[in-house]
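Colleague: Got a structure for you, coords-v7.txt, holding compact mmCIF, C-alpha atoms.
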```
# COMPACT_ATOMS: atom_id res chain seq x y z
CA MET A 1 0.46 -9.70 -23.80
CA THR A 2 2.81 -9.69 -20.80
CA ASP A 3 2.38 -10.22 -17.08
CA LYS A 4 5.70 -8.51 -16.40
CA PHE A 5 4.08 -5.11 -15.96
CA GLN A 6 1.89 -4.71 -12.87
CA ILE A 7 0.03 -1.91 -11.16
CA VAL A 8 0.47 -1.34 -7.44
CA GLY A 9 -3.28 -1.01 -6.93
CA SER A 10 -4.92 2.41 -6.90
CA LEU A 11 -6.25 4.37 -9.86
CA LEU A 12 -7.74 7.85 -10.26
CA ARG A 13 -11.36 8.05 -9.11
CA PRO A 14 -14.05 9.50 -11.41
CA ASP A 15 -15.59 12.86 -10.53
CA GLU A 16 -19.00 11.45 -9.64
CA LEU A 17 -17.42 9.16 -7.02
CA LEU A 18 -15.18 11.94 -5.68
CA LYS A 19 -18.24 14.02 -4.84
CA TYR A 20 -19.18 11.44 -2.21
CA LYS A 21 -15.59 10.92 -1.05
CA THR A 22 -15.17 14.65 -0.42
CA GLN A 23 -18.25 14.70 1.79
CA ILE A 24 -16.91 11.73 3.76
CA GLU A 25 -13.57 13.46 4.32
CA HIS A 26 -15.19 16.38 6.16
CA ASN A 27 -17.59 14.49 8.42
CA ASP A 28 -16.85 12.38 11.48
CA ASP A 29 -20.37 11.71 12.73
CA ILE A 30 -20.73 8.94 10.11
CA GLN A 31 -20.05 5.22 10.23
CA TYR A 32 -17.92 3.20 7.78
CA PRO A 33 -18.68 2.11 5.05
CA PHE A 34 -20.85 5.28 4.95
CA TYR A 35 -23.49 3.90 2.57
CA GLU A 36 -26.34 4.72 4.94
CA ASN A 37 -25.09 8.28 5.31
CA TYR A 38 -25.13 9.22 1.62
CA GLU A 39 -27.95 8.22 -0.69
CA GLY A 40 -26.63 6.89 -3.98
CA TYR A 41 -23.06 6.43 -2.75
CA GLU A 42 -23.01 2.63 -2.72
CA LYS A 43 -24.50 2.41 -6.22
CA CYS A 44 -22.02 4.96 -7.54
CA GLU A 45 -19.09 3.11 -5.99
CA THR A 46 -20.23 -0.25 -7.35
CA GLU A 47 -20.75 1.06 -10.89
CA SER A 48 -17.43 2.92 -10.83
CA ILE A 49 -15.61 -0.26 -9.81
CA LYS A 50 -17.22 -2.23 -12.62
CA GLN A 51 -16.09 0.40 -15.10
CA VAL A 52 -12.51 0.57 -13.86
CA VAL A 53 -12.10 -3.23 -13.80
CA ALA A 54 -13.27 -3.35 -17.41
CA LYS A 55 -10.74 -0.65 -18.22
CA GLU A 56 -7.93 -2.58 -16.51
CA ILE A 57 -8.77 -5.67 -18.56
CA GLU A 58 -8.96 -3.55 -21.71
CA HIS A 59 -5.42 -2.33 -20.98
CA ASN A 60 -4.20 -5.92 -20.63
CA LEU A 61 -3.41 -5.92 -16.91
CA SER A 62 -2.94 -9.52 -15.81
CA VAL A 63 -3.79 -8.87 -12.15
CA VAL A 64 -6.60 -6.41 -11.44
CA THR A 65 -7.85 -4.53 -8.39
CA ASP A 66 -10.96 -2.45 -7.77
CA GLY A 67 -8.74 0.59 -8.36
CA GLU A 68 -9.16 1.10 -4.60
CA PHE A 69 -12.33 3.00 -5.52
CA SER A 70 -13.87 1.56 -2.36
CA LYS A 71 -11.31 3.43 -0.23
CA SER A 72 -10.84 6.99 0.88
CA MET A 73 -7.23 6.35 1.88
CA TRP A 74 -4.89 3.49 1.13
CA HIS A 75 -4.77 2.28 4.72
CA LEU A 76 -7.34 3.76 7.08
CA ASP A 77 -10.53 2.40 5.49
CA PHE A 78 -9.22 -1.06 6.34
CA VAL A 79 -8.78 -0.04 9.98
CA TRP A 80 -12.22 1.62 10.03
CA GLY A 81 -13.61 -1.77 9.04
CA PHE A 82 -12.22 -3.47 12.15
CA GLY A 83 -14.52 -4.01 15.07
CA GLY A 84 -13.46 -1.82 17.98
CA VAL A 85 -12.31 1.25 16.00
CA LYS A 86 -13.90 4.68 15.71
CA ARG A 87 -12.82 7.22 13.11
CA TYR A 88 -12.58 10.94 13.84
CA ILE A 89 -11.24 14.15 12.33
CA ALA A 90 -7.92 15.01 13.98
CA ASP A 91 -6.43 18.41 14.70
CA HIS A 92 -4.07 17.99 11.75
CA GLY A 93 -3.31 15.57 8.95
CA TYR A 94 -0.07 13.81 8.04
CA PHE A 95 2.80 16.02 6.94
CA PHE A 96 4.41 15.34 3.58
CA ARG A 97 7.21 17.18 1.79
CA ASP A 98 5.91 19.75 -0.67
CA VAL A 99 7.16 19.88 -4.24
CA ASP A 100 10.05 22.17 -3.23
CA GLY A 101 11.43 19.34 -1.11
CA THR A 102 11.55 21.36 2.10
CA SER A 103 8.15 22.89 2.90
CA LYS A 104 5.52 20.87 4.75
CA TYR A 105 2.36 19.77 2.97
CA GLU A 106 -0.56 18.78 5.18
CA THR A 107 -2.93 16.01 4.14
CA ARG A 108 -6.61 15.55 4.92
CA LYS A 109 -7.43 15.40 8.64
CA ASP A 110 -9.85 12.47 8.98
CA ILE A 111 -7.00 10.27 10.17
CA GLY A 112 -7.88 9.95 13.86
CA LEU A 113 -8.31 6.40 15.20
CA ARG A 114 -9.86 5.66 18.57
CA ILE A 115 -9.83 2.10 19.91
CA THR A 116 -13.14 1.55 21.67
CA ASP A 117 -13.08 -2.25 22.09
CA LYS A 118 -10.86 -5.22 21.36
CA LEU A 119 -9.93 -5.23 17.69
CA SER A 120 -11.73 -7.71 15.46
CA GLY A 121 -11.22 -8.56 11.80
CA LYS A 122 -14.36 -10.67 11.53
CA ASN A 123 -17.12 -9.78 9.07
CA HIS A 124 -14.94 -7.08 7.55
CA HIS A 125 -16.52 -5.01 4.77
CA PHE A 126 -13.44 -5.60 2.59
CA ILE A 127 -14.50 -9.23 2.22
CA GLN A 128 -17.78 -8.19 0.62
CA LEU A 129 -15.92 -5.73 -1.60
CA PHE A 130 -13.48 -8.42 -2.69
CA GLN A 131 -16.29 -10.83 -3.55
CA GLN A 132 -17.83 -8.13 -5.73
CA LEU A 133 -14.44 -7.65 -7.41
CA GLN A 134 -14.22 -11.37 -8.11
CA ASP A 135 -17.68 -11.38 -9.66
CA THR A 136 -16.82 -8.36 -11.81
CA ALA A 137 -13.41 -9.65 -12.91
CA GLY A 138 -14.62 -13.12 -13.85
CA GLU A 139 -11.66 -15.31 -14.82
CA GLN A 140 -9.19 -12.44 -14.45
CA GLN A 141 -6.68 -12.76 -11.61
CA THR A 142 -7.37 -10.39 -8.73
CA LYS A 143 -5.58 -9.11 -5.66
CA LEU A 144 -6.59 -7.21 -2.56
CA CYS A 145 -4.41 -4.46 -1.09
CA VAL A 146 -4.49 -3.66 2.63
CA PRO A 147 -2.02 -1.93 4.96
CA SER A 148 0.61 -4.12 6.57
CA PRO A 149 0.12 -5.13 10.20
CA SER A 150 3.32 -3.32 11.15
CA HIS A 151 2.23 -0.06 9.54
CA ILE A 152 -1.01 -0.04 11.53
CA PHE A 153 0.82 -1.20 14.64
CA GLY A 154 3.13 1.77 14.24
CA GLU A 155 0.34 4.30 13.82
CA LEU A 156 -1.70 2.94 16.73
CA SER A 157 1.26 2.53 19.08
CA TRP A 158 2.29 6.15 18.49
CA SER A 159 -1.24 7.38 19.21
CA ASP A 160 -2.90 8.12 22.54
CA ASN A 161 -4.78 4.81 22.56
CA ILE A 162 -2.39 2.90 24.81
CA GLY A 163 -2.08 2.87 28.58
CA GLY A 164 -4.78 5.32 29.61
CA THR A 165 -7.31 4.74 32.36
CA ASP A 166 -10.02 3.80 29.86
CA SER A 167 -7.72 2.25 27.24
CA VAL A 168 -8.61 -1.16 25.83
CA TYR A 169 -4.93 -2.03 25.57
CA GLN A 170 -2.71 -1.10 28.51
CA ASN A 171 0.62 -1.61 26.77
CA ILE A 172 2.24 -2.12 23.38
CA GLN A 173 2.43 -5.91 23.77
CA GLU A 174 -1.34 -6.15 24.34
CA LEU A 175 -1.93 -4.00 21.26
CA LYS A 176 0.39 -6.15 19.17
CA GLU A 177 -1.35 -9.35 20.23
CA GLY A 178 -4.79 -7.89 19.61
CA LEU A 179 -3.84 -6.57 16.19
CA VAL A 180 -2.36 -9.89 15.10
CA ILE A 181 -5.57 -11.66 16.11
CA ALA A 182 -7.67 -9.19 14.10
CA TYR A 183 -5.46 -9.56 11.02
CA LYS A 184 -5.56 -13.35 11.22
CA GLU A 185 -9.35 -13.25 11.45
CA PHE A 186 -9.47 -11.13 8.33
CA VAL A 187 -6.92 -13.22 6.40
CA GLU A 188 -8.81 -16.40 7.22
CA GLU A 189 -12.06 -14.96 5.87
CA PHE A 190 -10.27 -13.67 2.76
CA ALA A 191 -8.95 -17.15 2.01
CA ALA A 192 -12.37 -18.68 2.73
CA VAL A 193 -14.07 -16.63 -0.01
CA GLY A 194 -11.49 -17.66 -2.60
CA GLY A 195 -8.88 -14.93 -2.26
CA LYS A 196 -5.50 -15.92 -3.66
CA ILE A 197 -3.28 -12.82 -3.50
CA LEU A 198 -3.11 -10.49 -0.49
CA GLN A 199 -0.85 -7.44 -0.73
CA PHE A 200 0.36 -5.63 2.38
CA ASP A 201 1.26 -1.99 1.69
CA ASP A 202 3.83 -0.30 3.92
CA CYS A 203 5.35 3.19 4.16
CA LEU A 204 7.39 2.91 7.35
CA TRP A 205 10.51 0.95 6.36
CA GLU A 206 12.51 4.03 5.42
CA LEU A 207 12.09 5.46 8.92
CA PHE A 208 14.85 3.01 9.83
CA ALA A 209 17.26 4.16 7.10
CA ASP A 210 19.95 6.30 8.71
CA ASP A 211 20.36 8.27 5.48
CA ASN A 212 16.76 9.48 5.68
CA PRO A 213 16.90 13.11 6.84
CA ASN A 214 13.13 13.12 7.39
CA SER A 215 13.08 10.29 9.94
CA PRO A 216 12.64 10.87 13.68
CA PHE A 217 15.17 8.06 14.16
CA THR A 218 18.11 9.86 12.53
CA GLY A 219 20.41 12.42 14.06
CA GLU A 220 22.32 12.70 17.30
CA ASN A 221 21.19 11.32 20.68
CA ILE A 222 19.19 8.50 19.13
CA ASN A 223 19.46 5.06 20.72
CA GLN A 224 20.04 2.99 17.60
CA ASP A 225 19.70 -0.29 19.47
CA GLU A 226 16.15 0.70 20.39
CA VAL A 227 15.47 1.73 16.79
CA LYS A 228 16.72 -1.60 15.47
CA GLY A 229 14.61 -3.37 18.09
CA LEU A 230 11.50 -1.58 16.83
CA ALA A 231 12.36 -2.52 13.24
CA THR A 232 12.70 -6.15 14.32
CA GLU A 233 9.31 -5.93 16.03
CA PHE A 234 7.78 -4.59 12.81
CA ILE A 235 9.29 -7.48 10.86
CA ASP A 236 8.10 -10.05 13.39
CA ILE A 237 4.50 -8.84 13.44
CA ASN A 238 4.37 -8.94 9.63
CA ASN A 239 5.99 -12.36 9.38
CA THR A 240 3.52 -13.79 11.88
CA VAL A 241 0.63 -12.83 9.62
CA ILE A 242 2.54 -13.72 6.42
CA ASP A 243 3.19 -17.22 7.78
CA PHE A 244 -0.49 -17.55 8.60
CA GLY A 245 -1.46 -16.49 5.07
CA HIS A 246 0.97 -19.00 3.60
CA SER A 247 -0.53 -21.73 5.77
CA LEU A 248 -3.86 -21.00 4.08
CA GLY A 249 -2.34 -21.23 0.60
CA LEU A 250 -2.23 -17.48 -0.08
CA LYS A 251 0.38 -15.61 -2.06
CA MET A 252 1.58 -12.79 0.17
CA TRP A 253 2.89 -9.68 -1.58
CA THR A 254 4.04 -6.31 -0.34
CA HIS A 255 4.42 -2.80 -1.69
CA ASN A 256 6.78 -0.28 -0.12
CA CYS A 257 7.09 3.40 -0.92
CA ARG A 258 8.11 6.67 0.71
CA GLY A 259 4.68 8.27 0.71
CA ASN A 260 2.37 9.21 -2.16
CA TYR A 261 -0.14 12.03 -1.69
CA ASP A 262 -1.11 14.66 -4.27
CA SER A 263 2.12 13.78 -6.15
CA ARG A 264 4.19 14.46 -3.00
CA ASN A 265 6.35 12.19 -0.86
CA MET A 266 7.05 11.84 2.83
CA GLY A 267 10.83 11.53 2.83
CA GLY A 268 13.99 9.76 1.73
CA GLY A 269 15.92 6.71 2.83
CA SER A 270 17.77 4.25 0.60
CA TYR A 271 17.09 0.53 0.31
CA ALA A 272 20.75 -0.26 0.97
CA LYS A 273 20.35 0.98 4.55
CA ILE A 274 17.39 -1.29 5.32
CA ALA A 275 18.08 -4.23 2.99
CA ASN A 276 19.34 -6.58 5.70
CA LEU A 277 16.24 -5.86 7.75
CA PHE A 278 13.10 -5.52 5.66
CA LEU A 279 14.17 -6.91 2.28
CA LYS A 280 16.09 -9.86 3.66
CA GLN A 281 13.92 -10.87 6.58
CA LEU A 282 10.33 -10.31 5.49
CA LYS A 283 8.83 -13.50 4.07
CA TYR A 284 6.81 -12.06 1.21
CA ASP A 285 6.55 -13.84 -2.14
CA ARG A 286 6.69 -10.62 -4.15
CA PHE A 287 8.08 -7.18 -3.30
CA PHE A 288 6.89 -4.02 -5.08
CA LEU A 289 9.75 -1.54 -4.48
CA GLU A 290 9.83 2.19 -5.17
CA TRP A 291 12.74 3.12 -7.42
CA ASP A 292 11.49 6.06 -9.47
CA ASP A 293 14.14 8.52 -8.29
CA ASP A 294 17.50 8.75 -6.54
CA ARG A 295 16.07 8.54 -3.02
CA ALA A 296 16.00 4.74 -3.31
CA GLY A 297 19.76 4.58 -3.79
CA SER A 298 21.74 1.97 -5.66
CA ILE A 299 20.05 -1.00 -7.32
CA GLU A 300 22.75 -3.10 -5.65
CA ALA A 301 20.46 -3.35 -2.62
CA LEU A 302 18.82 -6.23 -4.51
CA GLU A 303 21.84 -8.39 -3.60
CA VAL A 304 19.95 -9.55 -0.49
CA PHE A 305 17.47 -11.42 -2.70
CA LYS A 306 20.13 -13.59 -4.34
CA ASP A 307 19.59 -16.46 -1.91
CA ARG A 308 15.77 -16.25 -2.16
CA PRO A 309 15.15 -17.85 -5.58
CA GLU A 310 11.37 -18.04 -5.15
CA THR A 311 10.98 -14.34 -4.37
CA GLU A 312 9.90 -11.94 -7.14
CA ILE A 313 10.83 -8.26 -7.23
CA VAL A 314 8.71 -5.63 -8.95
CA LEU A 315 10.85 -2.60 -9.68
CA GLY A 316 8.87 0.64 -9.41
CA LEU A 317 11.05 2.46 -11.92
CA LEU A 318 8.13 4.39 -13.40
CA SER A 319 6.44 7.34 -11.68
CA SER A 320 2.74 7.71 -10.91
CA LYS A 321 3.43 11.20 -9.53
CA THR A 322 4.08 12.88 -12.88
CA SER A 323 1.80 13.63 -15.81
CA THR A 324 4.45 12.95 -18.47
CA LEU A 325 5.69 9.65 -19.81
CA ASP A 326 8.79 8.21 -18.19
CA ASP A 327 12.36 8.07 -19.48
CA GLU A 328 12.43 4.65 -21.13
CA ALA A 329 16.21 4.59 -21.51
CA ARG A 330 16.58 5.02 -17.73
CA VAL A 331 14.10 2.22 -17.07
CA VAL A 332 15.87 -0.22 -19.39
CA ARG A 333 19.28 0.73 -17.97
CA LEU A 334 18.15 -0.02 -14.42
CA LEU A 335 16.44 -3.24 -15.50
CA ASP A 336 19.73 -4.31 -17.07
CA GLU A 337 21.58 -3.45 -13.86
CA ALA A 338 19.04 -5.40 -11.79
CA SER A 339 19.27 -8.38 -14.15
CA LYS A 340 22.97 -8.69 -13.41
CA ILE A 341 22.05 -9.26 -9.75
CA ILE A 342 18.72 -11.09 -9.93
CA ASP A 343 17.61 -13.47 -12.65
CA LYS A 344 15.63 -11.54 -15.24
CA ASP A 345 12.70 -13.96 -14.93
CA ARG A 346 12.25 -12.96 -11.26
CA LEU A 347 11.91 -9.26 -12.07
CA LEU A 348 8.81 -7.27 -13.01
CA LEU A 349 8.07 -3.59 -13.70
CA SER A 350 5.60 -1.13 -12.18
CA HIS A 351 5.12 2.47 -11.18
CA GLN A 352 6.55 3.34 -7.77
CA CYS A 353 3.08 3.51 -6.24
CA GLY A 354 -0.56 3.77 -7.18
CA PHE A 355 -2.05 6.76 -8.96
CA ALA A 356 -4.38 7.63 -6.09
CA SER A 357 -3.21 6.33 -2.74
CA CYS A 358 -5.84 8.66 -1.31
CA ASP A 359 -8.99 9.42 -3.21
CA GLY A 360 -7.93 12.88 -4.42
CA GLY A 361 -5.23 11.26 -6.52
CA ASN A 362 -2.00 12.51 -8.02
CA GLU A 363 -1.61 15.51 -10.30
CA LEU A 364 -2.42 14.01 -13.68
CA SER A 365 -5.50 13.24 -15.75
CA GLU A 366 -7.15 9.88 -16.24
CA ALA A 367 -6.01 9.88 -19.87
CA GLN A 368 -2.43 10.52 -18.77
CA GLN A 369 -2.72 7.72 -16.21
CA TRP A 370 -3.72 5.16 -18.82
CA ALA A 371 -1.04 6.43 -21.21
CA LYS A 372 1.54 5.79 -18.49
CA ILE A 373 0.11 2.31 -17.89
CA ASP A 374 0.27 1.58 -21.62
CA GLN A 375 3.87 2.76 -21.64
CA GLY A 376 4.69 0.35 -18.83
CA GLN A 377 3.09 -2.48 -20.76
CA LYS A 378 5.08 -1.56 -23.87
CA ILE A 379 8.41 -1.43 -22.03
CA ALA A 380 7.74 -4.75 -20.32
CA LYS A 381 6.76 -6.49 -23.54
CA GLN A 382 9.85 -5.18 -25.31
CA TYR A 383 12.12 -6.19 -22.43
CA TRP A 384 10.71 -9.62 -21.58
CA GLY A 385 8.62 -10.45 -24.64
CA SER A 386 5.10 -11.86 -24.48
CA THR A 387 4.80 -13.93 -21.32
CA VAL A 388 1.10 -14.90 -21.26
```
Take the structure in this file and express it as structure tokens.
Modeller:
Amino acid sequence: MTDKFQIVGSLLRPDELLKYKTQIEHNDDIQYPFYENYEGYEKCETESIKQVVAKEIEHNLSVVTDGEFSKSMWHLDFVWGFGGVKRYIADHGYFFRDVDGTSKYETRKDIGLRITDKLSGKNHHFIQLFQQLQDTAGEQQTKLCVPSPSHIFGELSWSDNIGGTDSVYQNIQELKEGLVIAYKEFVEEFAAVGGKILQFDDCLWELFADDNPNSPFTGENINQDEVKGLATEFIDINNTVIDFGHSLGLKMWTHNCRGNYDSRNMGGGSYAKIANLFLKQLKYDRFFLEWDDDRAGSIEALEVFKDRPETEIVLGLLSSKTSTLDDEARVVRLLDEASKIIDKDRLLLSHQCGFASCDGGNELSEAQQWAKIDQGQKIAKQYWGSTV
């Protein structure tokens, strides 16, 4: 058995659970966590989580999640669980790149967030969900995945929640301070119930890569000093909460990707262009990095980790977007390249993202998903040997 292969977090939901999730997607007169709105939903979710945790253990995963079966989307359920937030169906969803690389692909529309009161992370439903995961997993190591503070700060600051006559927060600084307080409240409660590993997921780093043609911050007439200032603000808000987590004895991990929805992505941007910002300055203990195709650029971006000997890097060289097994020769070649930069013992392997960042999942079957996980385990064991 090896602990050198890891999953990012999400797994394909079973059909019986998706029936409830689909109803949730199309209704906005309901209140998170939606159990009172749909008879049988809570029981179905709980049983589905028990089954998927057992499956993860069966497939020898050393760190397990609830498969994110408790979520509709990788990030917004967490925000819905804050005090002071109301969910609503927006006029449009997010826009991803379709499989042709140029056409737009619209996501689900229940992405609207309205701030109705000061944000609060106290008594968050995710704490109850995590306790259930702990009970189900027993002695198995567990982690909880939530969106990074900076990702949510970005989404809220670009919304219409700030500065209006009836707005709770009159400016970006007030929002930032309120969001940090809410995150700290949540992190403190997570640590109090025995949480050990908290993973912040983030999809915004590549907006700051000037080789990303899909970013609003690239092109002519862009004030790059302002862009870099925003990137620094994103780093600072994350590090504030990371430092707090560390003070409570938590391991703080992160996962970064370029979007993952119905096997589609949101854009490009290489790590080399943002390495001195996000990779070098963020204080995470472990980085899950997306490297399943050429958009990530050269593996040489890992050079920034040379002087951080305690930091681990999980290379997402495998793809959760495809239904076929991955090219093992490519994976080993890139692992060899990475090992010339970073000590082999500090490296791990994963897919570039989860298999179902949103509940609809990527375009593959559950059997194909587990076959890809087994392949990852096999490659890791062959490359590093048995490590546990």
Colleague: With a distance cut-off of 7 Å and all atoms listed in the file, select the neighbouring residues of range 112-127 of chain A, excluding the residue or stretch itself and same-chain residues fewer than 5 positions from it, and output the selection as a compact mmCIF listing (two decimals) with C-alpha atoms, keeping the file's coordinate frame.
Modeller:
```txt
# COMPACT_ATOMS: atom_id res chain seq x y z
CA GLY A 81 -13.61 -1.77 9.04
CA PHE A 82 -12.22 -3.47 12.15
CA GLY A 83 -14.52 -4.01 15.07
CA GLY A 84 -13.46 -1.82 17.98
CA VAL A 85 -12.31 1.25 16.00
CA LYS A 86 -13.90 4.68 15.71
CA ARG A 87 -12.82 7.22 13.11
CA TYR A 88 -12.58 10.94 13.84
CA ILE A 89 -11.24 14.15 12.33
CA ALA A 90 -7.92 15.01 13.98
CA ASN A 161 -4.78 4.81 22.56
CA VAL A 168 -8.61 -1.16 25.83
CA GLY A 178 -4.79 -7.89 19.61
CA LEU A 179 -3.84 -6.57 16.19
CA ALA A 182 -7.67 -9.19 14.10
CA TYR A 183 -5.46 -9.56 11.02
CA GLU A 185 -9.35 -13.25 11.45
CA PHE A 186 -9.47 -11.13 8.33
CA PHE A 190 -10.27 -13.67 2.76
```
Colleague: Taking 2 positions as the minimum chain separation for residues in the same chain, which residues sit within 9 Å of range 148-153 of chain A when counting all atoms listed in the file? Answer as an MDAnalysis selection string.
Modeller: chainID A and resid 75:76 79 146 155:158 172 175:176 179:180 183 199:205 233:238 241 254
Colleague: Given only C-alpha atoms as the basis, pick out the residue of A:Asp262, A:Glu25, A:Asp91, A:Glu188 nearest to Gly361 in chain A.
Modeller: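 Ranking A:Asp262, A:Glu25, A:Asp91, A:Glu188 by distance to Gly361 in chain A, first place goes to A:Asp262.
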Colleague: At what distance in Å, to one decimal, does CA of Lys340 in chain A lie from CA of Gln377 in chain A?
Modeller: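 Between these atoms lies a distance of 22.1 Å.
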Colleague: Rank A:Ser247, A:Gln368, A:Thr136, A:Ser386 by their smallest atom-to-atom distance to Val187 in chain A, using only C-alpha atoms, and report the top residue only.
Modeller: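 For Val187 in chain A, the nearest of the candidates is A:Ser247.
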Colleague: Output as a short mmCIF file (atom, residue, chain, number, x, y, z; two decimals), in the frame of the given file: range 320-327 of chain A, completed with all heavy atoms.
Modeller:
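Output contents, as saved in rebuild.cif:
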```
data_model
loop_
_atom_site.label_atom_id
_atom_site.label_comp_id
_atom_site.auth_asym_id
_atom_site.auth_seq_id
_atom_site.Cartn_x
_atom_site.Cartn_y
_atom_site.Cartn_z
N SER A 320 4.17 7.38 -10.86
CA SER A 320 2.74 7.71 -10.91
C SER A 320 2.50 9.15 -10.46
O SER A 320 1.36 9.61 -10.46
CB SER A 320 1.94 6.76 -10.02
OG SER A 320 2.24 6.99 -8.64
N LYS A 321 3.57 9.84 -10.06
CA LYS A 321 3.43 11.20 -9.53
C LYS A 321 3.43 12.26 -10.63
O LYS A 321 3.03 13.40 -10.39
CB LYS A 321 4.57 11.50 -8.55
CG LYS A 321 4.50 10.76 -7.22
CD LYS A 321 5.60 11.29 -6.29
CE LYS A 321 5.45 10.75 -4.87
NZ LYS A 321 5.96 9.39 -4.75
N THR A 322 3.92 11.91 -11.81
CA THR A 322 4.08 12.88 -12.88
C THR A 322 3.03 12.67 -13.96
O THR A 322 2.48 11.57 -14.11
CB THR A 322 5.48 12.77 -13.51
OG1 THR A 322 5.62 11.45 -14.08
CG2 THR A 322 6.55 12.99 -12.46
N SER A 323 2.80 13.71 -14.74
CA SER A 323 1.80 13.63 -15.81
C SER A 323 2.43 13.24 -17.15
O SER A 323 1.71 12.92 -18.10
CB SER A 323 1.09 14.97 -15.97
OG SER A 323 2.02 15.99 -16.29
N THR A 324 3.75 13.26 -17.22
CA THR A 324 4.45 12.95 -18.47
C THR A 324 4.90 11.50 -18.50
O THR A 324 5.03 10.85 -17.45
CB THR A 324 5.67 13.86 -18.65
OG1 THR A 324 6.51 13.73 -17.49
CG2 THR A 324 5.23 15.32 -18.78
N LEU A 325 5.18 11.00 -19.68
CA LEU A 325 5.69 9.65 -19.81
C LEU A 325 7.11 9.58 -19.26
O LEU A 325 7.84 10.57 -19.20
CB LEU A 325 5.66 9.20 -21.27
CG LEU A 325 4.26 9.10 -21.90
CD1 LEU A 325 4.37 8.64 -23.35
CD2 LEU A 325 3.36 8.14 -21.11
N ASP A 326 7.50 8.39 -18.85
CA ASP A 326 8.79 8.21 -18.19
C ASP A 326 9.93 8.02 -19.19
O ASP A 326 9.71 7.66 -20.35
CB ASP A 326 8.71 7.02 -17.24
CG ASP A 326 7.84 7.29 -16.03
OD1 ASP A 326 8.36 7.80 -15.03
OD2 ASP A 326 6.62 7.02 -16.09
N ASP A 327 11.14 8.22 -18.69
CA ASP A 327 12.36 8.07 -19.48
C ASP A 327 12.62 6.57 -19.69
O ASP A 327 13.10 5.88 -18.79
CB ASP A 327 13.52 8.73 -18.74
CG ASP A 327 14.84 8.63 -19.49
OD1 ASP A 327 14.92 7.90 -20.50
OD2 ASP A 327 15.81 9.29 -19.04
#
```
